[in-house]
Amino acid sequence: MHATSASFTGTVTAAPARAARKTTPSDRMTDTRPTLLHITPSIGGGGAETLLVNLVEAMHGGAWRTVVVAVDGRAWPDQADRLHKHTEAYHDLESPAFLRGSVLRKLHEIIRAVKPDVVQTWMHHADLIGGISARLAGVRHIAWGIHCREIHRNSNDSNTKMKVFRSALATISKFIPRRIISCSAAAIEDHVALGYPRKKMQWIPNGICTKKFAPRPEAGSDLRSGLGIPSDAPLVGYAGRFHEMKQLETFFRAAALVQQALPQTHFILCGGTADDLDTSSRAAWSQLPLRDRVHFIPFRANMERFYPALTLFSLSSRTEAFPMTLLEAMACGVPCAATDAGDCATLIGDSTFTARGGDAAGLASIWKNIITLDATARAELSRKLRDRVENNFTIAHTAHQYESIYAGLVAHRA
């Protein structure tokens, strides 16, 4: 049960087909299905949040009643609508911080009212605070979720606070969760090194809906025309937070090298504006010779209409777990390039499309090779990438694995 391998080699089996089931107020009274409660800081803006919403949709109408509690989901109305449609209840505590008395009281009240059979927490703060809250409310079956390799520091967190937080997570991981689910094999090794118990760890790679994310040339045309990008111009894309760990400085240094060789190339970054860049990334962007060919757009609810516009999608991260954006782009048939961070090389499945972390020249070389592919080679690469996702990383299979963990927890008597 406890997968710790750092690579994916097999082909997964499809999850069993399941008919949708809608509940009504009357049949909720007689619904004997076990209840699963998710606790998450947010519902949008990152891969973990995307997986949560996808997982809830994939499990809807199945063996579990699902409830979701978000500390603050106000910035993500589209995701909130999806959760309202596919859960028994969605609660937004509408707080910018977890550690507030009113938030902890509300969370405790919800857990006691829901009486969940299993609690699944998402990311480190929810693991610690949500896990303790669930145990204090009498829940025995708790699963933690790891979705990054590092324990992230907020801008105002001191070294002492981070040291205490890491120590608390490592210590409590031995007692609170019965299972610790990681989307990344690399992240398992990182957390074992921090003191997490390996015997509780389970690798379940992320999955996506390949019906939603699929090649759609017309969608790409719409995005390009809206931004004034020529239909035949190479377009390199990025999507994600403008966080230091994404190392967008490397992205812009690679872009500068590509602009020298292929000046017709455009670049698009989805997730913020130039003002959101960290200091080093903004400096690298400001030195680009053709800044007018760099486009910034906000997060989009319909990312399936973003990727098809691209000639290639790329990450330049210093650290990653198992990025959803790569899966989504690959499913759309878009060639991908990334730094060799986390499980990126495992996901893409071809080391010729990964560069060393911080190696702008190596990343630029991969970009140029992809941009200059002929039509036949590009079509074959696109087919292989989509096939890889369809065969290995669908949300149906991911949901099936999560459900197996939950079923094992409620079957366990302790």
# chains A, B, ... in the order shown; residues from 1 in each chain; ligands from 1
>>> closest_atom_pairs(of="range 178-253 of chain A", to="range 138-145 of chain A", cutoff="12 Å", atoms="only C-alpha atoms", output="Markdown table")
| residue | atom | partner | partner_atom | distance |
| --- | --- | --- | --- | --- |
| A:Arg178 | CA | A:Ile142 | CA | 5.8 |
| A:Arg179 | CA | A:Ala143 | CA | 4.8 |
| A:Ile180 | CA | A:Trp144 | CA | 4.7 |
| A:Ile181 | CA | A:Gly145 | CA | 5.0 |
| A:Ser182 | CA | A:Gly145 | CA | 5.9 |
| A:Cys183 | CA | A:Gly145 | CA | 8.0 |
| A:Ser184 | CA | A:Gly145 | CA | 10.5 |
| A:Ala187 | CA | A:Gly145 | CA | 11.0 |
| A:Ile188 | CA | A:Gly145 | CA | 10.9 |
| A:His191 | CA | A:Gly145 | CA | 11.6 |
| A:Tyr196 | CA | A:Trp144 | CA | 11.3 |
| A:Lys200 | CA | A:Ala143 | CA | 9.5 |
| A:Met201 | CA | A:Trp144 | CA | 9.4 |
| A:Gln202 | CA | A:Gly145 | CA | 9.7 |
| A:Trp203 | CA | A:Gly145 | CA | 10.2 |
| A:Ile204 | CA | A:Gly145 | CA | 10.1 |
| A:Pro205 | CA | A:Gly145 | CA | 11.8 |
| A:Asn206 | CA | A:Gly145 | CA | 11.8 |
>>> write_last_selection(atoms="N, CA and C atoms", output="short mmCIF file (atom, residue, chain, number, x, y, z; two decimals), in the first residue's frame")
data_model
loop_
_atom_site.label_atom_id
_atom_site.label_comp_id
_atom_site.auth_asym_id
_atom_site.auth_seq_id
_atom_site.Cartn_x
_atom_site.Cartn_y
_atom_site.Cartn_z
N ARG A 178 -3.74 8.87 10.03
CA ARG A 178 -3.54 7.43 9.81
C ARG A 178 -2.88 7.20 8.45
N ARG A 179 -3.13 8.08 7.52
CA ARG A 179 -2.47 8.03 6.22
C ARG A 179 -2.02 9.43 5.85
N ILE A 180 -0.92 9.51 5.12
CA ILE A 180 -0.41 10.77 4.60
C ILE A 180 -0.27 10.59 3.09
N ILE A 181 -1.14 11.26 2.34
CA ILE A 181 -1.18 11.10 0.89
C ILE A 181 -0.37 12.21 0.24
N SER A 182 0.57 11.83 -0.60
CA SER A 182 1.40 12.80 -1.32
C SER A 182 1.20 12.66 -2.81
N CYS A 183 1.03 13.79 -3.50
CA CYS A 183 0.90 13.74 -4.95
C CYS A 183 2.25 13.54 -5.63
N SER A 184 3.33 13.63 -4.86
CA SER A 184 4.68 13.59 -5.42
C SER A 184 5.53 12.56 -4.72
N ALA A 187 8.32 14.41 -2.98
CA ALA A 187 7.90 15.05 -1.74
C ALA A 187 7.87 14.05 -0.58
N ILE A 188 7.60 12.78 -0.87
CA ILE A 188 7.63 11.77 0.19
C ILE A 188 9.02 11.72 0.81
N HIS A 191 9.74 14.76 3.00
CA HIS A 191 9.04 14.79 4.28
C HIS A 191 9.52 13.69 5.22
N TYR A 196 8.70 12.77 9.06
CA TYR A 196 7.41 12.13 8.83
C TYR A 196 7.61 10.60 8.76
N LYS A 200 3.39 5.55 6.86
CA LYS A 200 2.06 6.13 6.64
C LYS A 200 1.90 6.76 5.27
N MET A 201 3.00 6.88 4.53
CA MET A 201 2.98 7.66 3.30
C MET A 201 2.43 6.84 2.13
N GLN A 202 1.64 7.50 1.30
CA GLN A 202 1.06 6.88 0.10
C GLN A 202 1.19 7.86 -1.05
N TRP A 203 1.77 7.41 -2.16
CA TRP A 203 1.87 8.25 -3.36
C TRP A 203 0.66 8.05 -4.23
N ILE A 204 -0.09 9.11 -4.47
CA ILE A 204 -1.19 9.10 -5.44
C ILE A 204 -0.97 10.29 -6.37
N PRO A 205 -0.52 10.05 -7.59
CA PRO A 205 -0.27 11.17 -8.51
C PRO A 205 -1.56 11.89 -8.85
N ASN A 206 -1.43 13.17 -9.15
CA ASN A 206 -2.57 13.99 -9.54
C ASN A 206 -3.22 13.44 -10.81
#
>>> residues_around(residues="range 290-293 of chain A", least_positions_apart="4", cutoff="9 Å", atoms="only C-alpha atoms", output="ChimeraX atom specification")
/A:229,256,259,263-268,285-286
>>> residues_around(residues="Ser133 in chain A", least_positions_apart="6", cutoff="9 Å", atoms="only C-alpha atoms", output="list of chain:residue names")
A:Leu104, A:Leu107, A:His108, A:Ile111, A:Val139
>>> residues_around(residues="range 307-317 of chain A", least_positions_apart="5", cutoff="7 Å", atoms="only C-alpha atoms", output="number ranges by chain")
A: 215-217, 219-221, 223-224, 234-238, 245-248, 250-251, 329, 332, 334-339, 341, 357, 371
>>> select_by_dssp(residues="range 129-249 of chain A", states="strand (DSSP E)", output="ChimeraX atom specification")
/A:142-146,179-182,201-203,235-239
>>> write_last_selection(atoms="N, CA and C atoms", output="tab-separated table (two decimals), in the first residue's frame")
chain	number	residue	atom	x	y	z
A	142	ILE	N	-8.13	10.16	9.98
A	142	ILE	CA	-7.66	11.43	9.41
A	142	ILE	C	-6.56	11.14	8.40
A	143	ALA	N	-6.68	11.76	7.24
A	143	ALA	CA	-5.64	11.65	6.20
A	143	ALA	C	-5.09	13.04	5.93
A	144	TRP	N	-3.79	13.16	5.94
A	144	TRP	CA	-3.14	14.42	5.58
A	144	TRP	C	-2.85	14.43	4.08
A	145	GLY	N	-2.70	15.62	3.53
A	145	GLY	CA	-2.36	15.76	2.12
A	145	GLY	C	-1.12	16.61	1.91
A	146	ILE	N	-0.14	16.06	1.21
A	146	ILE	CA	1.09	16.79	0.88
A	146	ILE	C	1.05	17.14	-0.60
A	179	ARG	N	-3.13	8.08	7.52
A	179	ARG	CA	-2.47	8.03	6.22
A	179	ARG	C	-2.02	9.43	5.85
A	180	ILE	N	-0.92	9.51	5.12
A	180	ILE	CA	-0.41	10.77	4.60
A	180	ILE	C	-0.27	10.59	3.09
A	181	ILE	N	-1.14	11.26	2.34
A	181	ILE	CA	-1.18	11.10	0.89
A	181	ILE	C	-0.37	12.21	0.24
A	182	SER	N	0.57	11.83	-0.60
A	182	SER	CA	1.40	12.80	-1.32
A	182	SER	C	1.20	12.66	-2.81
A	201	MET	N	3.00	6.88	4.53
A	201	MET	CA	2.98	7.66	3.30
A	201	MET	C	2.43	6.84	2.13
A	202	GLN	N	1.64	7.50	1.30
A	202	GLN	CA	1.06	6.88	0.10
A	202	GLN	C	1.19	7.86	-1.05
A	203	TRP	N	1.77	7.41	-2.16
A	203	TRP	CA	1.87	8.25	-3.36
A	203	TRP	C	0.66	8.05	-4.23
A	235	LEU	N	4.34	30.77	-29.40
A	235	LEU	CA	3.84	31.31	-28.13
A	235	LEU	C	4.22	30.35	-27.01
A	236	VAL	N	5.06	30.84	-26.09
A	236	VAL	CA	5.51	30.06	-24.93
A	236	VAL	C	4.69	30.51	-23.72
A	237	GLY	N	4.10	29.55	-23.00
A	237	GLY	CA	3.20	29.91	-21.92
A	237	GLY	C	3.61	29.36	-20.57
A	238	TYR	N	3.12	30.06	-19.54
A	238	TYR	CA	3.28	29.65	-18.14
A	238	TYR	C	1.96	29.92	-17.44
A	239	ALA	N	1.60	29.09	-16.47
A	239	ALA	CA	0.42	29.33	-15.63
A	239	ALA	C	0.75	28.92	-14.21
>>> closest_residue(among="A:Leu83, A:Leu93, A:Ile176, A:Ile43", to="Ile129 in chain A", atoms="only C-alpha atoms")
A:Ile176
>>> atom_distance(atom1="CA of Ala170 in chain A", atom2="CA of Asp92 in chain A")
28.1 Å
>>> residues_around(residues="Ala321 in chain A", least_positions_apart="4", cutoff="6 Å", atoms="only C-alpha atoms", output="list in words")
Cys148, Arg149, Ser184, Gly342 and Asp343 of chain A
>>> closest_residue(among="A:Gly226, A:Gly130, A:Gly362, A:Gly47", to="Ala254 in chain A", atoms="only C-alpha atoms")
A:Gly362
>>> atom_distance(atom1="CA of Ser42 in chain A", atom2="CA of Gly73 in chain A")
5.2 Å
>>> closest_residue(among="A:Glu109, A:Glu320, A:Asp78, A:Asp117", to="Arg65 in chain A", atoms="only C-alpha atoms")
A:Asp117
>>> residues_around(residues="Pro298 in chain A", least_positions_apart="5", cutoff="7 Å", atoms="only C-alpha atoms", output="list in words")
Cys270, Gly271 and Gly272 of chain A
>>> residues_around(residues="Lys384 in chain A", least_positions_apart="2", cutoff="12 Å", atoms="only C-alpha atoms", output="ChimeraX atom specification")
/A:330-336,348-350,377-382,386-391
>>> atom_distance(atom1="CA of Ala360 in chain A", atom2="CA of Ala261 in chain A")
14.2 Å
>>> closest_residue(among="A:Pro177, A:Gly44, A:Pro96, A:Pro230", to="Ala134 in chain A", atoms="only C-alpha atoms")
A:Pro177
>>> select_by_dssp(residues="range 161-232 of chain A", states="helix (DSSP H, G or I)", output="VMD selection string")
chain A and resid 161 to 172 185 to 194 198 to 200 217 to 227
